[in-house]
file input_13.json (JSON, C-alpha atoms)
[["chain", "number", "residue", "atom", "x", "y", "z"],
["A", 1, "MET", "CA", -16.82, -7.20, 8.88],
["A", 2, "SER", "CA", -16.76, -10.06, 6.38],
["A", 3, "ALA", "CA", -16.33, -9.41, 2.67],
["A", 4, "LYS", "CA", -19.31, -10.13, 0.43],
["A", 5, "ILE", "CA", -18.43, -12.58, -2.35],
["A", 6, "PHE", "CA", -20.73, -13.48, -5.23],
["A", 7, "ILE", "CA", -19.85, -16.48, -7.39],
["A", 8, "ASP", "CA", -21.65, -15.95, -10.68],
["A", 9, "GLY", "CA", -21.91, -19.48, -12.01],
["A", 10, "GLU", "CA", -21.63, -21.14, -8.61],
["A", 11, "HIS", "CA", -23.42, -24.31, -9.79],
["A", 12, "GLY", "CA", -20.76, -25.18, -12.39],
["A", 13, "THR", "CA", -17.63, -27.24, -11.77],
["A", 14, "THR", "CA", -15.30, -24.32, -11.00],
["A", 15, "GLY", "CA", -17.91, -22.46, -8.95],
["A", 16, "LEU", "CA", -18.71, -25.48, -6.82],
["A", 17, "GLN", "CA", -15.04, -26.03, -6.04],
["A", 18, "ILE", "CA", -14.63, -22.38, -5.07],
["A", 19, "ARG", "CA", -17.58, -22.72, -2.69],
["A", 20, "THR", "CA", -16.01, -25.83, -1.17],
["A", 21, "ARG", "CA", -12.77, -23.94, -0.54],
["A", 22, "MET", "CA", -14.64, -21.17, 1.26],
["A", 23, "ALA", "CA", -16.71, -23.47, 3.48],
["A", 24, "GLY", "CA", -16.35, -22.53, 7.13],
["A", 25, "ARG", "CA", -14.57, -19.23, 6.49],
["A", 26, "ARG", "CA", -15.77, -16.41, 8.69],
["A", 27, "ASP", "CA", -14.03, -13.59, 6.84],
["A", 28, "VAL", "CA", -16.31, -13.90, 3.80],
["A", 29, "THR", "CA", -20.06, -13.96, 3.26],
["A", 30, "LEU", "CA", -21.23, -15.76, 0.15],
["A", 31, "LEU", "CA", -24.04, -14.16, -1.82],
["A", 32, "SER", "CA", -25.92, -16.93, -3.58],
["A", 33, "ILE", "CA", -28.45, -17.23, -6.37],
["A", 34, "PRO", "CA", -30.73, -20.29, -6.44],
["A", 35, "GLU", "CA", -30.02, -22.60, -9.37],
["A", 36, "ALA", "CA", -33.59, -22.12, -10.60],
["A", 37, "GLU", "CA", -32.94, -18.36, -10.81],
["A", 38, "ARG", "CA", -29.49, -18.44, -12.39],
["A", 39, "ARG", "CA", -30.88, -16.99, -15.64],
["A", 40, "ASN", "CA", -32.69, -14.22, -13.80],
["A", 41, "ALA", "CA", -30.75, -11.21, -15.11],
["A", 42, "ALA", "CA", -32.19, -8.74, -12.62],
["A", 43, "MET", "CA", -31.29, -10.93, -9.64],
["A", 44, "ARG", "CA", -27.81, -11.52, -11.02],
["A", 45, "GLU", "CA", -27.29, -7.81, -11.52],
["A", 46, "ASP", "CA", -28.37, -7.03, -7.97],
["A", 47, "LEU", "CA", -26.02, -9.64, -6.51],
["A", 48, "LEU", "CA", -23.12, -8.57, -8.72],
["A", 49, "ASN", "CA", -23.47, -4.95, -7.69],
["A", 50, "GLY", "CA", -23.94, -5.86, -4.04],
["A", 51, "ALA", "CA", -20.67, -7.78, -3.77],
["A", 52, "ASP", "CA", -17.23, -6.65, -2.71],
["A", 53, "ILE", "CA", -15.73, -9.21, -5.08],
["A", 54, "ALA", "CA", -17.59, -11.09, -7.81],
["A", 55, "ILE", "CA", -16.01, -14.29, -9.13],
["A", 56, "LEU", "CA", -17.28, -15.08, -12.62],
["A", 57, "CYS", "CA", -17.40, -18.79, -13.46],
["A", 58, "LEU", "CA", -19.08, -18.38, -16.82],
["A", 59, "PRO", "CA", -18.50, -18.80, -20.56],
["A", 60, "ASP", "CA", -16.75, -15.88, -22.25],
["A", 61, "ASP", "CA", -19.87, -14.11, -23.54],
["A", 62, "ALA", "CA", -21.67, -14.43, -20.21],
["A", 63, "SER", "CA", -18.62, -13.03, -18.40],
["A", 64, "LYS", "CA", -18.60, -10.00, -20.68],
["A", 65, "GLU", "CA", -22.30, -9.57, -20.01],
["A", 66, "ALA", "CA", -21.69, -9.68, -16.26],
["A", 67, "VAL", "CA", -18.92, -7.06, -16.46],
["A", 68, "ALA", "CA", -21.25, -4.82, -18.46],
["A", 69, "MET", "CA", -23.79, -5.03, -15.63],
["A", 70, "LEU", "CA", -21.31, -3.15, -13.43],
["A", 71, "SER", "CA", -21.43, -0.03, -15.59],
["A", 72, "GLY", "CA", -21.19, 2.99, -13.29],
["A", 73, "ASN", "CA", -20.31, 0.89, -10.26],
["A", 74, "ASN", "CA", -16.77, 1.68, -9.16],
["A", 75, "LYS", "CA", -16.58, -0.52, -6.07],
["A", 76, "VAL", "CA", -17.17, -4.12, -7.13],
["A", 77, "ARG", "CA", -13.98, -6.00, -7.98],
["A", 78, "ILE", "CA", -13.95, -8.89, -10.44],
["A", 79, "ILE", "CA", -12.15, -12.20, -10.79],
["A", 80, "ASP", "CA", -13.03, -13.75, -14.13],
["A", 81, "THR", "CA", -12.28, -17.44, -14.73],
["A", 82, "SER", "CA", -13.15, -17.47, -18.44],
["A", 83, "THR", "CA", -10.77, -16.78, -21.32],
["A", 84, "ALA", "CA", -12.45, -13.45, -22.10],
["A", 85, "TYR", "CA", -9.91, -11.13, -20.45],
["A", 86, "ARG", "CA", -6.70, -13.12, -20.02],
["A", 87, "VAL", "CA", -4.75, -11.05, -22.51],
["A", 88, "ALA", "CA", -6.59, -7.76, -21.92],
["A", 89, "PRO", "CA", -4.04, -5.06, -20.99],
["A", 90, "ASP", "CA", -6.30, -3.46, -18.37],
["A", 91, "TRP", "CA", -6.81, -6.72, -16.45],
["A", 92, "ALA", "CA", -4.25, -8.12, -14.01],
["A", 93, "TYR", "CA", -3.25, -11.66, -14.87],
["A", 94, "GLY", "CA", -4.00, -13.83, -11.85],
["A", 95, "PHE", "CA", -0.78, -15.87, -11.64],
["A", 96, "ALA", "CA", 0.79, -14.40, -8.51],
["A", 97, "GLU", "CA", 4.08, -16.31, -8.83],
["A", 98, "MET", "CA", 4.64, -15.30, -12.47],
["A", 99, "ASP", "CA", 7.12, -12.63, -11.40],
["A", 100, "LYS", "CA", 8.08, -10.81, -8.22],
["A", 101, "ALA", "CA", 5.61, -7.94, -8.72],
["A", 102, "GLN", "CA", 2.55, -9.89, -9.90],
["A", 103, "GLY", "CA", 1.14, -10.54, -6.44],
["A", 104, "ASP", "CA", 1.01, -6.81, -5.75],
["A", 105, "ARG", "CA", -0.63, -6.16, -9.13],
["A", 106, "ILE", "CA", -3.36, -8.63, -8.27],
["A", 107, "LYS", "CA", -3.72, -7.24, -4.76],
["A", 108, "LEU", "CA", -4.43, -3.72, -6.05],
["A", 109, "ALA", "CA", -6.37, -4.56, -9.22],
["A", 110, "ARG", "CA", -10.06, -4.06, -9.75],
["A", 111, "TYR", "CA", -10.14, -6.61, -12.58],
["A", 112, "VAL", "CA", -8.27, -9.92, -12.37],
["A", 113, "ALA", "CA", -8.27, -12.60, -15.08],
["A", 114, "ASN", "CA", -7.80, -16.07, -13.63],
["A", 115, "PRO", "CA", -5.27, -18.06, -15.72],
["A", 116, "GLY", "CA", -6.13, -21.18, -17.67],
["A", 117, "CYS", "CA", -4.95, -24.51, -16.29],
["A", 118, "TYR", "CA", -2.66, -25.41, -19.20],
["A", 119, "PRO", "CA", -1.14, -21.91, -19.38],
["A", 120, "THR", "CA", -0.44, -21.95, -15.64],
["A", 121, "GLY", "CA", 1.87, -24.92, -16.15],
["A", 122, "ALA", "CA", 3.36, -23.68, -19.41],
["A", 123, "ILE", "CA", 3.97, -20.10, -18.27],
["A", 124, "GLY", "CA", 5.29, -21.37, -14.95],
["A", 125, "LEU", "CA", 8.01, -23.21, -16.87],
["A", 126, "ILE", "CA", 8.66, -20.80, -19.74],
["A", 127, "ARG", "CA", 8.60, -17.32, -18.23],
["A", 128, "PRO", "CA", 11.51, -17.80, -15.79],
["A", 129, "LEU", "CA", 13.72, -18.97, -18.67],
["A", 130, "ARG", "CA", 12.74, -15.99, -20.80],
["A", 131, "ALA", "CA", 13.36, -13.62, -17.90],
["A", 132, "ALA", "CA", 16.80, -15.16, -17.31],
["A", 133, "GLY", "CA", 17.75, -14.97, -21.00],
["A", 134, "ILE", "CA", 18.01, -18.76, -21.27],
["A", 135, "LEU", "CA", 15.24, -19.19, -23.84],
["A", 136, "PRO", "CA", 16.27, -17.06, -26.84],
["A", 137, "ASP", "CA", 14.07, -15.09, -29.21],
["A", 138, "GLY", "CA", 12.59, -17.27, -31.91],
["A", 139, "TYR", "CA", 12.97, -20.54, -30.02],
["A", 140, "PRO", "CA", 10.29, -22.99, -31.28],
["A", 141, "VAL", "CA", 8.55, -23.81, -28.00],
["A", 142, "SER", "CA", 6.37, -26.93, -27.82],
["A", 143, "VAL", "CA", 3.88, -27.53, -25.02],
["A", 144, "ASN", "CA", 2.49, -31.06, -24.58],
["A", 145, "ALA", "CA", -0.12, -31.61, -21.90],
["A", 146, "VAL", "CA", -2.74, -33.95, -20.48],
["A", 147, "SER", "CA", -5.61, -32.89, -18.24],
["A", 148, "GLY", "CA", -8.26, -34.57, -16.18],
["A", 149, "TYR", "CA", -11.64, -34.56, -17.89],
["A", 150, "THR", "CA", -13.19, -32.08, -15.45],
["A", 151, "GLY", "CA", -11.42, -29.39, -17.46],
["A", 152, "GLY", "CA", -13.96, -29.99, -20.22],
["A", 153, "GLY", "CA", -16.93, -28.87, -18.11],
["A", 154, "LYS", "CA", -20.26, -30.51, -17.41],
["A", 155, "GLN", "CA", -20.75, -32.03, -20.86],
["A", 156, "MET", "CA", -17.44, -33.86, -20.84],
["A", 157, "ILE", "CA", -17.85, -34.90, -17.21],
["A", 158, "ALA", "CA", -21.25, -36.42, -18.00],
["A", 159, "GLN", "CA", -19.83, -38.23, -21.01],
["A", 160, "MET", "CA", -16.81, -39.64, -19.18],
["A", 161, "GLU", "CA", -18.82, -40.73, -16.13],
["A", 162, "ASP", "CA", -21.87, -42.20, -17.89],
["A", 163, "VAL", "CA", -21.37, -45.75, -16.64],
["A", 164, "ASN", "CA", -24.93, -46.70, -17.59],
["A", 165, "HIS", "CA", -24.25, -46.01, -21.24],
["A", 166, "PRO", "CA", -20.73, -47.25, -21.98],
["A", 167, "GLU", "CA", -21.31, -46.79, -25.70],
["A", 168, "HIS", "CA", -21.25, -43.04, -25.05],
["A", 169, "LEU", "CA", -17.92, -43.07, -23.26],
["A", 170, "ALA", "CA", -14.97, -41.33, -24.82],
["A", 171, "ALA", "CA", -11.56, -42.94, -25.28],
["A", 172, "ASN", "CA", -9.25, -43.52, -22.32],
["A", 173, "ASN", "CA", -7.03, -40.77, -23.67],
["A", 174, "PHE", "CA", -7.57, -38.47, -26.61],
["A", 175, "LEU", "CA", -5.94, -35.52, -28.32],
["A", 176, "TYR", "CA", -7.95, -32.46, -29.23],
["A", 177, "GLY", "CA", -7.30, -28.97, -30.57],
["A", 178, "LEU", "CA", -5.95, -30.67, -33.67],
["A", 179, "PRO", "CA", -6.12, -27.57, -35.94],
["A", 180, "LEU", "CA", -3.52, -26.06, -33.54],
["A", 181, "LYS", "CA", -5.55, -22.93, -32.86],
["A", 182, "HIS", "CA", -6.32, -23.54, -29.18],
["A", 183, "LYS", "CA", -7.73, -20.61, -27.20],
["A", 184, "HIS", "CA", -4.89, -20.85, -24.67],
["A", 185, "VAL", "CA", -2.11, -20.09, -27.18],
["A", 186, "PRO", "CA", -2.37, -16.26, -27.02],
["A", 187, "GLU", "CA", -2.27, -16.45, -23.22],
["A", 188, "MET", "CA", 0.85, -18.63, -23.25],
["A", 189, "THR", "CA", 2.52, -16.38, -25.82],
["A", 190, "ILE", "CA", 1.90, -13.05, -24.09],
["A", 191, "HIS", "CA", 2.39, -14.04, -20.46],
["A", 192, "GLY", "CA", 5.18, -16.44, -21.33],
["A", 193, "GLN", "CA", 6.90, -13.42, -22.93],
["A", 194, "LEU", "CA", 7.39, -15.37, -26.15],
["A", 195, "ASP", "CA", 7.95, -13.64, -29.47],
["A", 196, "ARG", "CA", 6.74, -16.73, -31.31],
["A", 197, "ALA", "CA", 3.54, -18.66, -30.58],
["A", 198, "PRO", "CA", 4.18, -22.11, -29.09],
["A", 199, "LEU", "CA", 3.00, -25.34, -30.66],
["A", 200, "PHE", "CA", 0.44, -26.56, -28.13],
["A", 201, "ALA", "CA", -0.78, -30.18, -28.11],
["A", 202, "PRO", "CA", -3.42, -30.79, -25.39],
["A", 203, "SER", "CA", -5.02, -34.09, -24.47],
["A", 204, "VAL", "CA", -7.55, -35.47, -21.98],
["A", 205, "GLY", "CA", -7.22, -38.64, -19.92],
["A", 206, "ARG", "CA", -9.74, -40.82, -18.12],
["A", 207, "PHE", "CA", -9.13, -39.32, -14.69],
["A", 208, "ALA", "CA", -11.22, -36.58, -13.16],
["A", 209, "GLN", "CA", -8.64, -34.10, -11.88],
["A", 210, "GLY", "CA", -4.93, -33.55, -12.36],
["A", 211, "MET", "CA", -2.59, -32.30, -15.06],
["A", 212, "ILE", "CA", 0.87, -32.66, -16.54],
["A", 213, "VAL", "CA", 2.35, -29.94, -18.76],
["A", 214, "GLN", "CA", 5.64, -30.63, -20.58],
["A", 215, "VAL", "CA", 8.02, -28.23, -22.35],
["A", 216, "PRO", "CA", 10.89, -30.18, -24.00],
["A", 217, "LEU", "CA", 14.05, -28.25, -24.86],
["A", 218, "PHE", "CA", 17.10, -28.73, -27.09],
["A", 219, "VAL", "CA", 20.02, -27.53, -24.97],
["A", 220, "GLU", "CA", 22.17, -26.60, -27.98],
["A", 221, "ASP", "CA", 19.54, -24.13, -29.15],
["A", 222, "LEU", "CA", 19.38, -22.27, -25.84],
["A", 223, "ALA", "CA", 21.66, -19.45, -24.67],
["A", 224, "ASP", "CA", 25.36, -20.35, -24.55],
["A", 225, "ALA", "CA", 26.65, -22.62, -21.79],
["A", 226, "MET", "CA", 23.22, -23.78, -20.68],
["A", 227, "SER", "CA", 22.80, -27.15, -19.01],
["A", 228, "LEU", "CA", 20.37, -29.24, -17.02],
["A", 229, "GLU", "CA", 21.80, -27.70, -13.86],
["A", 230, "SER", "CA", 21.67, -24.06, -14.98],
["A", 231, "ILE", "CA", 18.10, -24.39, -16.22],
["A", 232, "HIS", "CA", 17.06, -25.90, -12.90],
["A", 233, "ALA", "CA", 18.93, -23.15, -11.02],
["A", 234, "ALA", "CA", 17.04, -20.46, -12.96],
["A", 235, "LEU", "CA", 13.70, -21.97, -11.92],
["A", 236, "VAL", "CA", 14.83, -22.28, -8.30],
["A", 237, "GLU", "CA", 15.92, -18.63, -8.22],
["A", 238, "HIS", "CA", 12.69, -17.44, -9.85],
["A", 239, "TYR", "CA", 10.48, -19.18, -7.29],
["A", 240, "ALA", "CA", 12.68, -18.61, -4.23],
["A", 241, "GLY", "CA", 10.51, -17.95, -1.19],
["A", 242, "GLN", "CA", 7.32, -19.18, -2.86],
["A", 243, "THR", "CA", 5.14, -21.80, -1.23],
["A", 244, "VAL", "CA", 2.47, -22.33, -3.90],
["A", 245, "VAL", "CA", 4.93, -23.10, -6.72],
["A", 246, "THR", "CA", 7.87, -25.31, -5.83],
["A", 247, "VAL", "CA", 10.80, -26.65, -7.86],
["A", 248, "VAL", "CA", 11.70, -30.26, -7.13],
["A", 249, "PRO", "CA", 15.45, -30.75, -6.44],
["A", 250, "LEU", "CA", 17.36, -32.38, -9.30],
["A", 251, "ALA", "CA", 18.50, -35.23, -7.07],
["A", 252, "ASP", "CA", 14.89, -36.07, -6.22],
["A", 253, "SER", "CA", 13.77, -35.86, -9.85],
["A", 254, "ALA", "CA", 16.59, -38.18, -10.90],
["A", 255, "LYS", "CA", 15.19, -40.92, -8.65],
["A", 256, "LEU", "CA", 11.77, -40.91, -10.32],
["A", 257, "ALA", "CA", 10.69, -43.53, -12.84],
["A", 258, "ARG", "CA", 7.40, -41.78, -13.63],
["A", 259, "VAL", "CA", 5.35, -38.65, -12.94],
["A", 260, "ASP", "CA", 1.70, -38.96, -11.92],
["A", 261, "ALA", "CA", -0.81, -36.46, -13.34],
["A", 262, "GLU", "CA", -2.95, -36.96, -10.22],
["A", 263, "GLU", "CA", -0.14, -36.24, -7.75],
["A", 264, "LEU", "CA", -1.60, -32.90, -6.58],
["A", 265, "VAL", "CA", -5.33, -33.63, -6.82],
["A", 266, "GLY", "CA", -7.19, -31.64, -4.19],
["A", 267, "GLN", "CA", -4.25, -29.30, -3.65],
["A", 268, "ASP", "CA", -3.81, -25.70, -4.82],
["A", 269, "THR", "CA", -0.07, -25.90, -5.42],
["A", 270, "MET", "CA", 2.12, -26.66, -8.43],
["A", 271, "LYS", "CA", 5.35, -28.68, -8.70],
["A", 272, "LEU", "CA", 7.98, -28.09, -11.37],
["A", 273, "TYR", "CA", 10.42, -30.80, -12.44],
["A", 274, "VAL", "CA", 13.53, -30.67, -14.63],
["A", 275, "PHE", "CA", 14.43, -33.98, -16.25],
["A", 276, "GLY", "CA", 17.38, -35.00, -18.38],
["A", 277, "THR", "CA", 20.89, -36.38, -18.23],
["A", 278, "PRO", "CA", 23.72, -34.11, -17.01],
["A", 279, "GLY", "CA", 25.63, -33.00, -20.09],
["A", 280, "GLY", "CA", 22.85, -34.33, -22.33],
["A", 281, "ALA", "CA", 21.36, -32.71, -25.40],
["A", 282, "HIS", "CA", 17.79, -32.56, -24.14],
["A", 283, "VAL", "CA", 15.92, -31.26, -21.10],
["A", 284, "ASN", "CA", 12.26, -31.85, -20.32],
["A", 285, "LEU", "CA", 10.50, -29.31, -18.12],
["A", 286, "VAL", "CA", 7.40, -30.68, -16.38],
["A", 287, "ALA", "CA", 4.67, -28.98, -14.36],
["A", 288, "VAL", "CA", 2.19, -30.96, -12.25],
["A", 289, "LEU", "CA", -0.97, -29.37, -10.86],
["A", 290, "ASP", "CA", -4.65, -29.99, -10.24],
["A", 291, "ASN", "CA", -6.53, -28.54, -13.20],
["A", 292, "LEU", "CA", -9.28, -27.48, -10.77],
["A", 293, "GLY", "CA", -6.82, -26.39, -8.05],
["A", 294, "LYS", "CA", -3.98, -24.06, -9.04],
["A", 295, "GLY", "CA", -5.41, -24.43, -12.53],
["A", 296, "ALA", "CA", -8.82, -22.90, -11.71],
["A", 297, "SER", "CA", -10.70, -22.71, -8.39],
["A", 298, "GLY", "CA", -7.68, -22.72, -6.12],
["A", 299, "ALA", "CA", -6.12, -19.87, -8.10],
["A", 300, "ALA", "CA", -9.38, -17.89, -7.91],
["A", 301, "VAL", "CA", -9.46, -18.17, -4.11],
["A", 302, "GLN", "CA", -5.76, -17.30, -3.93],
["A", 303, "ASN", "CA", -6.42, -14.18, -6.01],
["A", 304, "MET", "CA", -9.45, -13.30, -3.90],
["A", 305, "ASP", "CA", -7.33, -13.50, -0.74],
["A", 306, "LEU", "CA", -4.70, -11.22, -2.28],
["A", 307, "MET", "CA", -7.40, -8.69, -3.22],
["A", 308, "LEU", "CA", -8.94, -8.82, 0.26],
["A", 309, "SER", "CA", -5.54, -8.12, 1.79],
["A", 310, "ALA", "CA", -5.30, -4.73, 0.08]]
call {"tool": "encode", "arguments": {"input": "input_13.json", "output": "C-alpha cells"}}
result
Amino acid sequence: MSAKIFIDGEHGTTGLQIRTRMAGRRDVTLLSIPEAERRNAAMREDLLNGADIAILCLPDDASKEAVAMLSGNNKVRIIDTSTAYRVAPDWAYGFAEMDKAQGDRIKLARYVANPGCYPTGAIGLIRPLRAAGILPDGYPVSVNAVSGYTGGGKQMIAQMEDVNHPEHLAANNFLYGLPLKHKHVPEMTIHGQLDRAPLFAPSVGRFAQGMIVQVPLFVEDLADAMSLESIHAALVEHYAGQTVVTVVPLADSAKLARVDAEELVGQDTMKLYVFGTPGGAHVNLVAVLDNLGKGASGAAVQNMDLMLSA
C-alpha cells in the first residue's frame, strides 16, 4: 500500500520541486489541496491528519500552526522545510550524511527539520573537521556563499525574472544579511558543533538555481601538523561510502581553474572541494550544490524515503 504524503505549501517553489521529484512514483500517494483552498484551515487540517507524512513548505509561523493542528494525533510524521525547528532538540536534523548515525535518527524520527541550503554546505565542510579535532575550539570560522535567486522565494524570483520591467530588476550579484544576524547562523553553529558563531556572508547571483559555499582556513591556526592533504583525508574518511555527498580528489581539484555554482543544478547531490597549495598557509573548503536540490526539495524527498524505510 502506498504511503500518503501531503505537501502543505505545494504551490510554492520548494513544494513544486518536491512534487516534480515524486512524479510517477507508485509507492506514494499525494494528498493535494487546490490552490484556491490553500488558506482553508479546515481542509488543511483534514489533509494533515490524514497523511502518513506531511511535508511543510511554509513560513516559520505557518509551520508552527500546522504542527499545532496535529495535537492528539500520534501517527502523522512531519518534515518541516522552514527554519522553525532546525535547532529544536526534539526534532531530528535532516542532513543524513552529517555523521554516521544521522540517517538512522531521521529514519526513526517523528519530526524532521529539513536543513537550510547554506547550512548544508557549511556544515558539510565544518562538522567533519570538528569531529576529527582539526578545527580547534575558538577558531574564527568564516562562511562565504552565493546562491541562485530561487532561494529567495516567489518575490525574489518575480523580481529577478521580470523582463518586461527591467527597472525593477535587482543587481547581477548582491550581498545581503549585512547586519550579520542571518537566521542560518544558529543552525550552522549547533550542527557544525562550533563553540563560536561563524561570520556568515551570503549573496545572491543572477542565476536561478545553484550554490557555492566557501570556508577559508588558516592552516597555522588549526590542530598541529595539519595540511591540505590531511584536511582532505578527513573529509574523505567522514563521507566514505556515501553517494549523495562526495569529496573531489585533490588531483582533480588541482586541475580546475574555476568552480561553477550551477554545476549540480537539477541534482540532489553535493560535491566538496579542497583547494590550496601543498605546504601552503591557506586552504579553501568549497561545497557545491543545488539550493533547491540537496539544499531543499531533494533533501526533503531523501528524508521522506528514509522515514518510509523504517
call {"tool": "closest_residue", "arguments": {"input": "input_13.json", "among": "A:Ala62, A:Ala109, A:Val274, A:Ala158", "to": "Ser227 in chain A", "atoms": "only C-alpha atoms"}}
result
A:Val274
call {"tool": "atom_distance", "arguments": {"input": "input_13.json", "atom1": "CA of Pro128 in chain A", "atom2": "CA of Gly266 in chain A"}}
result
26.0 Å
call {"tool": "closest_residue", "arguments": {"input": "input_13.json", "among": "A:Gly298, A:Pro89, A:Gly124, A:Pro278", "to": "Val112 in chain A", "atoms": "all atoms listed in the file"}}
result
A:Pro89
call {"tool": "closest_residue", "arguments": {"input": "input_13.json", "among": "A:Asp195, A:Asp224, A:Asp268, A:Asp290", "to": "Met211 in chain A", "atoms": "only C-alpha atoms"}}
result
A:Asp290
call {"tool": "closest_residue", "arguments": {"input": "input_13.json", "among": "A:Gly276, A:Gly192, A:Gly151, A:Gly210", "to": "Ile126 in chain A", "atoms": "only C-alpha atoms"}}
result
A:Gly192
call {"tool": "atom_distance", "arguments": {"input": "input_13.json", "atom1": "CA of Met226 in chain A", "atom2": "CA of Leu194 in chain A"}}
result
18.7 Å
call {"tool": "closest_atom_pairs", "arguments": {"input": "input_13.json", "of": "range 257-290 of chain A", "to": "range 240-253 of chain A", "cutoff": "6 Å", "atoms": "all atoms listed in the file", "output": "tab-separated table"}}
result
residue	atom	partner	partner_atom	distance
A:Thr269	CA	A:Val244	CA	4.6
A:Met270	CA	A:Val245	CA	4.8
A:Lys271	CA	A:Thr246	CA	5.1
A:Leu272	CA	A:Val247	CA	4.7
A:Tyr273	CA	A:Val248	CA	5.5
call {"tool": "write_last_selection", "arguments": {"input": "input_13.json", "atoms": "C-alpha atoms", "output": "short mmCIF file (atom, residue, chain, number, x, y, z; two decimals), keeping the file's coordinate frame"}}
result
data_model
loop_
_atom_site.label_atom_id
_atom_site.label_comp_id
_atom_site.auth_asym_id
_atom_site.auth_seq_id
_atom_site.Cartn_x
_atom_site.Cartn_y
_atom_site.Cartn_z
CA THR A 269 -0.07 -25.90 -5.42
CA MET A 270 2.12 -26.66 -8.43
CA LYS A 271 5.35 -28.68 -8.70
CA LEU A 272 7.98 -28.09 -11.37
CA TYR A 273 10.42 -30.80 -12.44
#
call {"tool": "residues_around", "arguments": {"input": "input_13.json", "residues": "range 45-50 of chain A", "least_positions_apart": "5", "cutoff": "7 Å", "atoms": "only C-alpha atoms", "output": "ChimeraX atom specification"}}
result
/A:6,31,69-70,76
call {"tool": "closest_residue", "arguments": {"input": "input_13.json", "among": "A:Phe218, A:Val143, A:Ser297, A:Leu256", "to": "Arg19 in chain A", "atoms": "only C-alpha atoms"}}
result
A:Ser297
call {"tool": "closest_residue", "arguments": {"input": "input_13.json", "among": "A:Ser63, A:Ser147, A:Asn74, A:Thr83", "to": "Pro186 in chain A", "atoms": "all atoms listed in the file"}}
result
A:Thr83
call {"tool": "atom_distance", "arguments": {"input": "input_13.json", "atom1": "CA of Arg26 in chain A", "atom2": "CA of Leu289 in chain A"}}
result
27.7 Å
call {"tool": "residues_around", "arguments": {"input": "input_13.json", "residues": "Gly12 in chain A", "least_positions_apart": "6", "cutoff": "9 Å", "atoms": "only C-alpha atoms", "output": "list in words"}}
result
Cys57, Leu58, Gly153 and Lys154 of chain A
call {"tool": "residues_around", "arguments": {"input": "input_13.json", "residues": "Ala145 in chain A", "least_positions_apart": "5", "cutoff": "8 Å", "atoms": "all atoms listed in the file", "output": "number ranges by chain"}}
result
A: 118, 201-203, 211-214
call {"tool": "residues_around", "arguments": {"input": "input_13.json", "residues": "Asp90 in chain A", "least_positions_apart": "2", "cutoff": "10 Å", "atoms": "only C-alpha atoms", "output": "list in words"}}
result
Tyr85, Arg86, Val87, Ala88, Ala92, Tyr93, Ala109, Arg110, Tyr111, Val112 and Ala113 of chain A
call {"tool": "write_last_selection", "arguments": {"input": "input_13.json", "atoms": "C-alpha atoms", "output": "PDB file, in the frame of the given file"}}
result
ATOM      1  CA  TYR A  85      -9.910 -11.130 -20.450  1.00  0.00           C
ATOM      2  CA  ARG A  86      -6.700 -13.120 -20.020  1.00  0.00           C
ATOM      3  CA  VAL A  87      -4.750 -11.050 -22.510  1.00  0.00           C
ATOM      4  CA  ALA A  88      -6.590  -7.760 -21.920  1.00  0.00           C
ATOM      5  CA  ALA A  92      -4.250  -8.120 -14.010  1.00  0.00           C
ATOM      6  CA  TYR A  93      -3.250 -11.660 -14.870  1.00  0.00           C
ATOM      7  CA  ALA A 109      -6.370  -4.560  -9.220  1.00  0.00           C
ATOM      8  CA  ARG A 110     -10.060  -4.060  -9.750  1.00  0.00           C
ATOM      9  CA  TYR A 111     -10.140  -6.610 -12.580  1.00  0.00           C
ATOM     10  CA  VAL A 112      -8.270  -9.920 -12.370  1.00  0.00           C
ATOM     11  CA  ALA A 113      -8.270 -12.600 -15.080  1.00  0.00           C
TER      12      ALA A 113
END
call {"tool": "residues_near_point", "arguments": {"input": "input_13.json", "point": "(-16.4, -25.1, -12.0)", "cutoff": "8 Å", "atoms": "only C-alpha atoms", "output": "list of chain:residue names"}}
result
A:Gly9, A:Glu10, A:His11, A:Gly12, A:Thr13, A:Thr14, A:Gly15, A:Leu16, A:Gln17, A:Ile18, A:Cys57, A:Gly153, A:Leu292, A:Ala296, A:Ser297
call {"tool": "residues_near_point", "arguments": {"input": "input_13.json", "point": "(-5.1, -40.0, -19.1)", "cutoff": "7 Å", "atoms": "only C-alpha atoms", "output": "PDB file with C-alpha atoms, in the frame of the given file"}}
result
ATOM      1  CA  VAL A 146      -2.740 -33.950 -20.480  1.00  0.00           C
ATOM      2  CA  GLY A 148      -8.260 -34.570 -16.180  1.00  0.00           C
ATOM      3  CA  ASN A 172      -9.250 -43.520 -22.320  1.00  0.00           C
ATOM      4  CA  ASN A 173      -7.030 -40.770 -23.670  1.00  0.00           C
ATOM      5  CA  VAL A 204      -7.550 -35.470 -21.980  1.00  0.00           C
ATOM      6  CA  GLY A 205      -7.220 -38.640 -19.920  1.00  0.00           C
ATOM      7  CA  ARG A 206      -9.740 -40.820 -18.120  1.00  0.00           C
ATOM      8  CA  PHE A 207      -9.130 -39.320 -14.690  1.00  0.00           C
TER       9      PHE A 207
END
call {"tool": "residues_around", "arguments": {"input": "input_13.json", "residues": "Asp305 in chain A", "least_positions_apart": "4", "cutoff": "12 Å", "atoms": "all atoms listed in the file", "output": "list in words"}}
result
Ala3, Ile5, Arg21, Met22, Arg25, Asp27, Val28, Ile53, Ile79, Gly94, Ala96, Gly103, Asp104, Ile106, Lys107, Leu108, Gly298, Ala299, Ala300, Val301, Ser309 and Ala310 of chain A
